[in-house]
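Enquirer: This structure is in structure tokens; I'll ask about it shortly.
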Amino acid sequence: MTTVAITGSDLRSFLDGLPGVDRVGAEARAGVLATRSIKTTAKRWALDMAISMVDLTTLEGQDTPGKIRALCAKAKRPDPADPTVPTVAAICVYPDLVHVAAAELQGTGIHVASVATAFPSGRSSLEIKLADVREAIAAGADEVDMVIDRGAFLAGDYRLVFDEIAAVREACGDAAHLKVILETGELATLDNVRRASWLAMLAGADFIKTSTGKVSPAATLPVTLVMLEAVRDFRESHGRQVGVKAAGGIRTAKDAIRYLVLVNETAGEDWLDPHSFRIGASSLLNDLLMQRTKMATGRYSGPDYFTMDS
Amino acid sequence: MPKFEYAPAPESRDVVSLRESYGLFIGGEFVPGISDETFKTISPATEEVLAEVTEAGQADVDRAVTAARKTYEQTWSVMPGKERAKYLFRIARIIQERARELAVLESLDNGKPIRESRDVDIPLAAAHFFYYAGWADKLDCAGFGPDPRPVGVAGQVIPWNFPLLMLAWKIAPALACGNTVVLKPAETTPLSALLFAEICQQADLPPGVVNIITGAGQTGRALVSHPGIDKVAFTGSTEVGKEIARTVASSGARKKVTLELGGKAANIVFADAPVDQAVEGIVNGIFFNQGHVCCAGSRLLVQESVYDQVLASLRRRLTTLRLGDPLDKNTDVGAINSPAQLAKIRELSQAGEAEGAERWSPPCDLPEKGFWFPPTVFTGVSQAHRIAREEIFGPVLSVLTFRTPSEAVDKANNTPYGLSAGVWTDKGSLILWVTSRLRAGVVWANTFNKFDPASPFGGYKESGYGREGGRHGLEAYLDV
């Protein structure tokens, strides 16, 4: 971890000195990669890889322990009719429901991720944010998805954002991986996405994540492209491989495969692994399963042949 | 073995129905050539013979020019602009409707990746017809005086790098202004022009407005020197362009001429450039269409302070380029169009090595059949090297460095050509400073190889004269 003595102005000049991102060019590149045609064996491989990268998520006011248990059952055995389907990477829930998921998933290797730090807005004191994190970890979370203070970031107070991330990183200790949600829909520019990515990585993030799913736009291909470039460049300069999580708005297998192509041709195949790339989603999993069944049988089954998520 | 191996994803050939042999398209129908001479057109990716095509001789050129003249005088030049527009709109729509067929045919005959023919060539060709259809009844407002008149019969000779798109650049403005045309596609890529002839029939275009004759250099020579031609439009090599200029000048005939010729464009990357997008722009500038692009960014000028970073990023990016079957939807780099072009690219690349530049290509398997050349980067290139001065017209990039903006401009301009250039920087004032000093017809800022029918295109110096595209492109086809 590189939480050395960096002053606020060091941080600012470093982040503002990163090469700019030309939006038109980034969108064009993402657009070209979206035309890649993934068929037959490649599609089969990609569908399974995508399933194994899903952070199966429910973040609703109406969530109950029963809903979480149902989701955990699905995480362990996504398609009851087909034991060859891989398990998902993690379940992602609110802190107060972590204990339910932790009990259900014990010994399965499926991670329990909890959003924290006054998710989704992050508008609370650091004290409360850290308490939120500790509670989630105590309840059994081994991954924490924190949000950054976008207000402070946009106001130029990079130091505050850095310190909060570093404090949460410390609170996570060895018990949990830290995913830092940039909420790119509120950062507005791709230059900001690149700066926030570097800021989070310098402060100790294990993953950088696009969105909470509560703000539109959530994950987009150009934003994810810029984040993948950032983790690629960060590994080159700092030797540490940080993961990327695209969350929100990825609903179809076709979308998911586009993200895998983006990963493959931007950060490279080292990131084609659930340890380094995740997709935060809920309805996506069923579409992946449906496509998988179609590949295996040549036929589409109706939605009633796949279990509902809520 | 890569983790994520993309399975072959070939576009189906079934959409194209090739005839065994093609005649000449004269006076609205396909007719056999008078002399019975033919030649074969092949797929450069596989060397498969695609079709037999007629070699038009002097007598065929006479026939085509006569047909064009007759229709010009009796029908097309006297037809109201709004009526001509209807035909052009109709052609544009048919190109869109038959886009897949045209794209597959173009990739088969030319060797370019289907992604490019599908997403660039064909949509732009349709866009040119739509754009100039809009001008046909508004020529009064084009800035060439009230009721500007057409020139007459245009003789048009186009290259093999963008066969249908170059046809559109030539035919759309000519027809919009009331001219009729005799067009000769390149001998290695005649098929999309012949399919375009069918589209003219389908659109009920009056016979003789568009005439397509096939053949090689001899046919082109006969066409441009024909006394019945009022206007010559040529896109191709500087060498042939000069020959055409000489021919027209010495014939004493009153012919208008536009020439769109070679280039050796500088793509200038400043230290504050958006690096990842600049690298994409470098790749797109020189490896788009295998570098068979007259406005290709074949000379990369990088500011010394970011040279290592840019070159490392570029090399890494090039390792992801996918070379192979042009019909595979995931192919980025297709086949070299002809053995002659391949020989030229090899010869100049060998000269680059011999002159001391360092040659690099990403690991890349070339197919056994067909004509292929790997994406290649030369570093340590100086202004004096042949690969920095001569147009290679292939996937070969020469990298030079500079220290200051004025050095960049001096190096960029230090070429007999002047077709295009590119500038990459986040600083708006630097873009303005540099672009106003570059002697090139098209200058892109933070992008490269972007085309639009509304934007004029053409060269300085040995890159030719006249402009195609936009309002400016009308001038070549009006008697002004």
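Residue numbering restarts at 1 in every chain; chains get A, B, ... in the order shown in the structure tokens, and ligands count up from 1 in that same order.
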Please produce, as a tab-separated table, a per-residue contact table for region 196-239 of chain B versus region 281-298 of chain B (criterion: any atom at most 12 Å away, only C-alpha atoms considered), showing the nearest atom pair and its distance in Å to one decimal, sorted by chain then residue number.
Expert:
residue	atom	partner	partner_atom	distance
B:Thr235	CA	B:Cys294	CA	9.2
B:Gly236	CA	B:Cys294	CA	8.1
B:Ser237	CA	B:Cys294	CA	8.6
B:Thr238	CA	B:Cys294	CA	10.2
Enquirer: Can you list every residue in region 63-239 of chain A that DSSP puts in strand (DSSP E or B), as a PyMOL selection string?
Expert: chain A and resi 90-93+111-116+143-147+177-181+207-209
Enquirer: Write the residues you've just listed into a file as an mmCIF file, in the first residue's frame, and include C-alpha atoms for each of them.
Expert:
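out-v3.cif written:
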data_model
loop_
_atom_site.group_PDB
_atom_site.id
_atom_site.type_symbol
_atom_site.label_atom_id
_atom_site.label_comp_id
_atom_site.auth_asym_id
_atom_site.auth_seq_id
_atom_site.Cartn_x
_atom_site.Cartn_y
_atom_site.Cartn_z
ATOM 1 C CA ALA A 90 -20.268 -12.588 -4.636
ATOM 2 C CA ILE A 91 -23.541 -11.478 -3.135
ATOM 3 C CA CYS A 92 -23.838 -7.739 -2.598
ATOM 4 C CA VAL A 93 -26.216 -6.440 0.098
ATOM 5 C CA HIS A 111 -17.859 -13.711 -1.246
ATOM 6 C CA VAL A 112 -20.130 -11.543 0.806
ATOM 7 C CA ALA A 113 -19.929 -7.923 -0.273
ATOM 8 C CA SER A 114 -21.531 -5.141 1.646
ATOM 9 C CA VAL A 115 -22.065 -1.585 0.551
ATOM 10 C CA ALA A 116 -21.031 0.820 3.275
ATOM 11 C CA GLU A 143 -15.709 -7.292 0.574
ATOM 12 C CA VAL A 144 -16.663 -3.695 1.251
ATOM 13 C CA ASP A 145 -18.089 -1.466 -1.490
ATOM 14 C CA MET A 146 -17.593 2.101 -0.274
ATOM 15 C CA VAL A 147 -18.666 5.307 -1.969
ATOM 16 C CA HIS A 177 -11.259 -6.351 0.123
ATOM 17 C CA LEU A 178 -12.076 -2.743 -0.593
ATOM 18 C CA LYS A 179 -14.027 -1.691 -3.661
ATOM 19 C CA VAL A 180 -14.204 2.045 -4.153
ATOM 20 C CA ILE A 181 -17.307 3.316 -5.924
ATOM 21 C CA PHE A 207 -11.079 -2.521 -6.817
ATOM 22 C CA ILE A 208 -12.434 0.592 -8.446
ATOM 23 C CA LYS A 209 -16.124 0.445 -9.201
#
Enquirer: Just the residues within 7 Å of Leu165 (chain B), please, counting only C-alpha atoms, with nothing from its chain fewer than 3 positions along; format it as a ChimeraX atom specification.
Expert: /B:121-122,124-125,162,168-169
Enquirer: Include C-alpha atoms and write out the residues we just selected as a PDB file, in the first residue's frame.
Expert:
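Printed below is out-v1.pdb as written:
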ATOM      1  CA  ASP B 121     -17.129   2.813 -46.846  1.00  0.00           C
ATOM      2  CA  ILE B 122     -20.743   1.990 -47.591  1.00  0.00           C
ATOM      3  CA  LEU B 124     -20.236   7.212 -46.316  1.00  0.00           C
ATOM      4  CA  ALA B 125     -20.978   6.396 -49.956  1.00  0.00           C
ATOM      5  CA  PHE B 162     -12.073   2.847 -51.411  1.00  0.00           C
ATOM      6  CA  ALA B 168     -19.622   8.214 -54.772  1.00  0.00           C
ATOM      7  CA  TRP B 169     -17.236  11.160 -54.328  1.00  0.00           C
TER       8      TRP B 169
END
Enquirer: One decimal, in Å: what's the spacing between CA of Leu182 (chain A) and CA of Arg258 (chain A)?
Expert: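 About the pair CA of Leu182 (chain A) and CA of Arg258 (chain A): they are 21.1 Å apart.
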Enquirer: Looking at B:Ser17, B:Leu50, B:Asp137, B:Asp60, which one is nearest to Gly33 (chain B), with distances taken over only C-alpha atoms?
Expert: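 For Gly33 (chain B), the nearest of the candidates is B:Asp60.
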Enquirer: B:Val120, B:Ile34, B:Cys200, B:Val381: which is nearest chain A, counting only C-alpha atoms?
Expert: B:Val120
Enquirer: Taking only C-alpha atoms into account, what are the residues of chain B at most 9 Å from chain A, put as a ChimeraX atom specification?
Expert: /B:2-9,115,271-278,280-281,317,320,328-331,426,446-447
Enquirer: Region 295-306 of chain A: which residues within 9 Å, counting only C-alpha atoms, same-chain residues fewer than 5 positions away excluded, as a ChimeraX atom specification?
Expert: /A:40,43-44,78-80,286-287,289-290
Enquirer: Take the residues from that selection and put them in a file with C-alpha atoms, as a compact mmCIF listing (two decimals), in the first residue's frame.
Expert:
# COMPACT_ATOMS: atom_id res chain seq x y z
CA THR A 40 -19.74 -20.32 -30.65
CA LYS A 43 -19.42 -17.13 -26.54
CA ARG A 44 -19.67 -20.25 -24.41
CA PRO A 78 -27.62 -20.34 -10.55
CA ASP A 79 -29.45 -22.90 -12.69
CA PRO A 80 -31.11 -25.66 -10.63
CA ASN A 286 -30.90 -14.82 -15.80
CA ASP A 287 -30.09 -13.59 -19.28
CA LEU A 289 -28.31 -18.45 -18.01
CA MET A 290 -30.84 -18.22 -20.79
Enquirer: Given the choices B:Ala222, B:Leu167, B:Ile392, B:Ile345, which gets closest to Pro190 (chain B) if the distance is worked out from only C-alpha atoms?
Expert: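 Under the stated criterion, the closest residue is B:Leu167.
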Enquirer: Give the alpha helix (DSSP H) residues of region 186-218 of chain B, as DSSP finds them on the backbone, and put them as a PyMOL selection string.
Expert: chain B and resi 191-202+217-218
Enquirer: Which residues are close to Ile199 (chain B), i.e. within 10 Å by only C-alpha atoms, leaving aside same-chain residues fewer than 5 positions away? Reply as JSON, numbers by chain.
Expert: {"B": [90, 91, 92, 94, 95, 98, 193, 194, 204, 205]}
